[in-house]
Amino acid sequence: MVVAADRMINYLRISITDRCNLRCLYCMAEEGVPVQDHRQILTYEEILTVARTAVGLGVDRFRVTGGEPLVRKGVVDFVGRLAALEGVREVALTTNGLLLPALAGPLRAAGLARLNVSLDSLRPRTYRRVTRGGSLEAALRGLATALAEGFSPVKVNVVLLGGLNGGEVETFAALAGAYPLVVRFIELMPLGESHRWPRYRFLPGPAVMARLAQGGRLEPVAGIPGNGPAAYYRWSPHRPAEPPRLPGVEATGNGVATLGMISPLSRPFCSGCNRLRLTADGKLHACLATEAGVDLRRALREGAGERDLGELIRQAAAMKPEIHSLGSGCGRRRRMSELGG
Ligand code: SAM
Ligand code: SF4
């Protein structure tokens, strides 16, 4: 088992591409990121070698992410092979949802256990603005397909963006009250594009929770499956809002929402952090807020065996800081699309 600063590492996030079919304001520059040459990107075979080695060190949960993971050809087959590795307990995936209408069913059949869909607004204009051109209708169709295919609950990730979606918290809660969804609000981190953003864009999680507590009954809840740092609550609103409709899915909920809050800035959760991140070009990082990491691609292409790879994975884990320093702007050069958000 890999242990770093007293934390057991059992979770690996794998970015399979740095490309994306959206250009979210806080994540990518308008013209996109300077994408890597295909040869710089790990092949699926190479990623599976890393995954097998990580399993041998005690990692048994994986998340496939990006960039947008569903734009890489062969993703369904890759997920199936990852899920079938001996010792793997769970494979999950994070997506913007746009390609789920075609892929949710095949991914589930391939063995994908859980899906997180990122959706920062339920207003078509705001969604278009935040994603620089994305269609809310298409994203909702993707989310609806995930539910129809039996992923349950689907987690919806909402990055809190002051002046953009701050007024939509109750509408998102209504969505979670109507469908088998867990909506998780995430504090914006000053990474990549957002590191120079003005303060008002950064909405503190505790302030959002205080608002919800005023508008309804808010109770902590345990037992929501996942490997992440969210604190979960049930929220019964005093005055329920009309939930947005998901096409083709019956709204069976009773209006009580399960909500999560991820507050990396207000309430750092580093002491419980159990994860490593593999970038699409083969760097392994122990923390998204540091540049420190090891180059697994070079090792793989120089013929490293599982023993050498295992040693490198241990080295990467040992680079985990006690606590991140995002508040001091240290993560600013890196985007989540590169780090495997
Ligand atoms: N394209 C996929 C998606 O959007 O779900 C997967 C990759 S994306 C980088 C993963 C998650 O990171 C998304 O939920 C996104 O909102 C989040 N993210 C990206 N940049 C962020 C930032 N600066 N602060 C907080 N979350 C961020
Ligand atoms: Fe693409 Fe996801 Fe980044 Fe948005 S958050 S630009 S969907 S990688």
# chains A, B, ... in the order shown; residues from 1 in each chain; ligands from 1
>>> residues_near_ligand(ligand="ligand 2", cutoff="10 Å", atoms="only C-alpha atoms and all ligand atoms", output="ChimeraX atom specification")
/A:15,17-30,32-33,65-69,94-98,117-120,130-132,134,157,159,335-341
>>> select_by_dssp(residues="segment 112-144 of chain A", states="alpha helix (DSSP H)", output="list in words")
Pro124, Arg125, Thr126, Tyr127, Arg128, Arg129, Val130, Thr131, Leu136, Glu137, Ala138, Ala139, Leu140, Arg141, Gly142, Leu143 and Ala144 of chain A
>>> closest_residue(among="A:Ala257, A:Pro244, A:Thr290, A:Ala173", to="Leu191 of chain A", atoms="only C-alpha atoms")
A:Thr290
>>> residues_around(residues="Ala207 of chain A", least_positions_apart="5", cutoff="12 Å", atoms="only C-alpha atoms", output="PyMOL selection string")
chain A and resi 160+162+166+169+185+187+202+212-214+261+263+266
>>> closest_residue(among="A:Arg211, A:His38, A:Arg239, A:Arg13", to="ligand 1", atoms="only C-alpha atoms and all ligand atoms")
A:Arg13
>>> residues_around(residues="Val249 of chain A", least_positions_apart="5", cutoff="10 Å", atoms="only C-alpha atoms", output="list in words")
Arg141, Leu143, Ala144, Thr145, Leu147, Ala148 and Tyr179 of chain A
>>> write_last_selection(atoms="all heavy atoms", output="PDB file, in the first residue's frame")
ATOM      1  N   ARG A 141     -29.669  16.689 -22.238  1.00  0.00           N
ATOM      2  CA  ARG A 141     -29.969  15.408 -22.910  1.00  0.00           C
ATOM      3  C   ARG A 141     -28.962  14.344 -22.452  1.00  0.00           C
ATOM      4  O   ARG A 141     -29.301  13.194 -22.207  1.00  0.00           O
ATOM      5  CB  ARG A 141     -29.900  15.592 -24.423  1.00  0.00           C
ATOM      6  CG  ARG A 141     -31.057  14.936 -25.152  1.00  0.00           C
ATOM      7  CD  ARG A 141     -30.979  15.118 -26.665  1.00  0.00           C
ATOM      8  NE  ARG A 141     -30.947  16.497 -27.094  1.00  0.00           N
ATOM      9  CZ  ARG A 141     -30.036  17.029 -27.920  1.00  0.00           C
ATOM     10  NH1 ARG A 141     -29.061  16.284 -28.413  1.00  0.00           N
ATOM     11  NH2 ARG A 141     -30.079  18.293 -28.252  1.00  0.00           N
ATOM     12  N   LEU A 143     -27.312  14.286 -19.588  1.00  0.00           N
ATOM     13  CA  LEU A 143     -27.615  13.944 -18.193  1.00  0.00           C
ATOM     14  C   LEU A 143     -28.822  13.005 -18.131  1.00  0.00           C
ATOM     15  O   LEU A 143     -28.823  11.995 -17.410  1.00  0.00           O
ATOM     16  CB  LEU A 143     -27.901  15.250 -17.437  1.00  0.00           C
ATOM     17  CG  LEU A 143     -28.191  15.176 -15.954  1.00  0.00           C
ATOM     18  CD1 LEU A 143     -27.067  14.459 -15.217  1.00  0.00           C
ATOM     19  CD2 LEU A 143     -28.380  16.590 -15.391  1.00  0.00           C
ATOM     20  N   ALA A 144     -29.842  13.325 -18.922  1.00  0.00           N
ATOM     21  CA  ALA A 144     -31.051  12.490 -18.946  1.00  0.00           C
ATOM     22  C   ALA A 144     -30.711  11.078 -19.425  1.00  0.00           C
ATOM     23  O   ALA A 144     -31.213  10.087 -18.871  1.00  0.00           O
ATOM     24  CB  ALA A 144     -32.099  13.133 -19.863  1.00  0.00           C
ATOM     25  N   THR A 145     -29.832  10.964 -20.421  1.00  0.00           N
ATOM     26  CA  THR A 145     -29.479   9.624 -20.917  1.00  0.00           C
ATOM     27  C   THR A 145     -28.761   8.833 -19.830  1.00  0.00           C
ATOM     28  O   THR A 145     -28.985   7.627 -19.676  1.00  0.00           O
ATOM     29  CB  THR A 145     -28.578   9.715 -22.174  1.00  0.00           C
ATOM     30  OG1 THR A 145     -29.121  10.666 -23.064  1.00  0.00           O
ATOM     31  CG2 THR A 145     -28.456   8.376 -22.874  1.00  0.00           C
ATOM     32  N   LEU A 147     -29.198   8.986 -16.659  1.00  0.00           N
ATOM     33  CA  LEU A 147     -30.211   8.472 -15.723  1.00  0.00           C
ATOM     34  C   LEU A 147     -30.996   7.335 -16.363  1.00  0.00           C
ATOM     35  O   LEU A 147     -31.233   6.299 -15.736  1.00  0.00           O
ATOM     36  CB  LEU A 147     -31.160   9.595 -15.305  1.00  0.00           C
ATOM     37  CG  LEU A 147     -30.543  10.689 -14.428  1.00  0.00           C
ATOM     38  CD1 LEU A 147     -31.559  11.798 -14.175  1.00  0.00           C
ATOM     39  CD2 LEU A 147     -30.068  10.109 -13.096  1.00  0.00           C
ATOM     40  N   ALA A 148     -31.379   7.538 -17.623  1.00  0.00           N
ATOM     41  CA  ALA A 148     -32.185   6.514 -18.298  1.00  0.00           C
ATOM     42  C   ALA A 148     -31.410   5.204 -18.427  1.00  0.00           C
ATOM     43  O   ALA A 148     -31.993   4.125 -18.431  1.00  0.00           O
ATOM     44  CB  ALA A 148     -32.615   7.020 -19.675  1.00  0.00           C
ATOM     45  N   TYR A 179     -34.977  14.484  -9.318  1.00  0.00           N
ATOM     46  CA  TYR A 179     -34.386  13.333 -10.023  1.00  0.00           C
ATOM     47  C   TYR A 179     -33.343  12.654  -9.118  1.00  0.00           C
ATOM     48  O   TYR A 179     -32.847  13.276  -8.165  1.00  0.00           O
ATOM     49  CB  TYR A 179     -33.711  13.812 -11.315  1.00  0.00           C
ATOM     50  CG  TYR A 179     -34.684  14.424 -12.299  1.00  0.00           C
ATOM     51  CD1 TYR A 179     -34.838  15.806 -12.390  1.00  0.00           C
ATOM     52  CD2 TYR A 179     -35.476  13.607 -13.113  1.00  0.00           C
ATOM     53  CE1 TYR A 179     -35.744  16.372 -13.284  1.00  0.00           C
ATOM     54  CE2 TYR A 179     -36.380  14.166 -14.008  1.00  0.00           C
ATOM     55  CZ  TYR A 179     -36.507  15.542 -14.089  1.00  0.00           C
ATOM     56  OH  TYR A 179     -37.407  16.080 -14.969  1.00  0.00           O
TER      57      TYR A 179
END
>>> closest_residue(among="A:Gly87, A:Gly177, A:Gly205, A:Pro101", to="Gly58 of chain A", atoms="only C-alpha atoms")
A:Gly87
>>> closest_residue(among="A:Gly248, A:Gly228, A:Gly215, A:Gly192", to="ligand 1", atoms="only C-alpha atoms and all ligand atoms")
A:Gly192
>>> closest_residue(among="A:Ile313, A:Leu112, A:Ala251, A:Val221", to="Pro180 of chain A", atoms="only C-alpha atoms")
A:Ala251
>>> atom_distance(atom1="atom CA of Thr43 of chain A", atom2="atom CA of Arg275 of chain A")
21.7 Å
>>> select_by_dssp(residues="segment 95-199 of chain A", states="strand (DSSP E or B)", output="PyMOL selection string")
chain A and resi 95+114-118+154-161+181-187
>>> closest_residue(among="A:Ala222, A:Leu288, A:Cys273, A:Leu188", to="ligand 1", atoms="only C-alpha atoms and all ligand atoms")
A:Leu188
>>> residues_around(residues="Ala241 of chain A", least_positions_apart="5", cutoff="10 Å", atoms="only C-alpha atoms", output="PyMOL selection string")
chain A and resi 170-175+177+255
>>> write_last_selection(atoms="C-alpha atoms", output="compact mmCIF listing (two decimals), in the first residue's frame")
# COMPACT_ATOMS: atom_id res chain seq x y z
CA GLU A 170 -31.88 26.76 -5.33
CA THR A 171 -32.71 25.77 -8.93
CA PHE A 172 -29.94 23.17 -8.88
CA ALA A 173 -31.32 21.94 -5.55
CA ALA A 174 -34.77 21.64 -7.16
CA LEU A 175 -33.20 19.49 -9.89
CA GLY A 177 -35.03 17.10 -5.44
CA GLY A 255 -38.41 17.72 -3.52
